[in-house]
Amino acid sequence: MGFRFRQRIKIFPGVYINIGKKGITSTSLKAGWFTTNINAKGVKNTVGAHGTGLSYETKRSRHTGKGLVLTFIACVVIYFIFR
């Protein structure tokens with residue numbers, strides 16, 4: 001086990017940049033119960049019910065270029081609907 005460093009910086013409401021030991025590790029877009037995390041490995045979408053510990057997660061590899069763009073657009077739309 002080693003030390004771990006992680007810092008989350010809020011850019012806009014619901015938009016975060018995550019920083020780790022090696023620099024910017026990912027970007028998170030959060031709207032209500034929905035979170036999309038985009039990193040070098042791909043895209044992870046999570047829907048969770050606050051306070052219950054229940055969530056559902058899907059992952060897409062980074063090799064699906066259209067999926068990345070569509071996921072980003074969908075998350076932005078969801079953000080503006082639920083804010």
# chains A, B, ... in the order shown; residues from 1 in each chain; ligands from 1
call {"tool": "residues_around", "arguments": {"residues": "segment 25-39 of chain A", "least_positions_apart": "4", "cutoff": "6 Å", "atoms": "only C-alpha atoms", "output": "ChimeraX atom specification"}}
result
/A:14-20,43-48,79
call {"tool": "atom_distance", "arguments": {"atom1": "atom CA of Leu54 of chain A", "atom2": "atom CA of Arg6 of chain A"}}
result
23.9 Å
call {"tool": "atom_distance", "arguments": {"atom1": "atom CA of Gly42 of chain A", "atom2": "atom CA of Phe12 of chain A"}}
result
22.0 Å
call {"tool": "closest_residue", "arguments": {"among": "A:Phe3, A:Val77, A:Ile9, A:Arg60", "to": "Lys21 of chain A", "atoms": "only C-alpha atoms"}}
result
A:Phe3
call {"tool": "atom_distance", "arguments": {"atom1": "atom CA of Ile24 of chain A", "atom2": "atom CA of Ile11 of chain A"}}
result
13.2 Å
